Amino acid sequence: MKLIIAYIQPERLNAVKQELYKRNIFKMSVSNALGCGQQKGYVESYRGAIAEVNLLKKVRIAIAVNDEYVETTIEGLIAGARTGHIGDGKIFVLPMEQCIRIRTGESGSEAIG
């Protein structure tokens, strides 16, 4: 079992979801995040005040998968998120010790679904 965490551009979320759905990956958690990397932010002026914005909006997707779905999930994330520009995002793959479905008490790979 693996936990795959991806940080992507917010406008690419629908494309990523569609690519994952094509690969039969339907279960995910999505949340808003702020971060900085090579993009380094930007400078904006509002009513004469100059502000440096170096934490940019991103979307965090967390997907728990069984080992046989790891490569398929990564391929879907890349296919949906890649634009070829700086800031497309990152994917992290972490080992997951245990998963428990609260409703039924199932654990392990059966609980992921």
# chains A, B, ... in the order shown; residues from 1 in each chain; ligands from 1

call {"tool": "residues_around", "arguments": {"residues": "stretch 24-36 of chain A", "least_positions_apart": "6", "cutoff": "12 Å", "atoms": "only C-alpha atoms", "output": "PyMOL selection string"}}
result
chain A and resi 3-11+13-14+16-18+42+53-66+68-77+86-90+111-113

call {"tool": "atom_distance", "arguments": {"atom1": "atom CA of A:Arg82", "atom2": "atom CA of A:Leu20"}}
result
13.6 Å

call {"tool": "select_by_dssp", "arguments": {"residues": "chain A", "states": "helix (DSSP H, G or I)", "output": "ChimeraX atom specification"}}
result
/A:10-22,67-81,109-112

call {"tool": "atom_distance", "arguments": {"atom1": "atom CA of A:Gly80", "atom2": "atom CA of A:Arg23"}}
result
11.7 Å

call {"tool": "select_by_dssp", "arguments": {"residues": "chain A", "states": "strand (DSSP E)", "output": "MDAnalysis selection string"}}
result
chainID A and resid 2:8 29:35 42:46 49:53 56:65 89:95
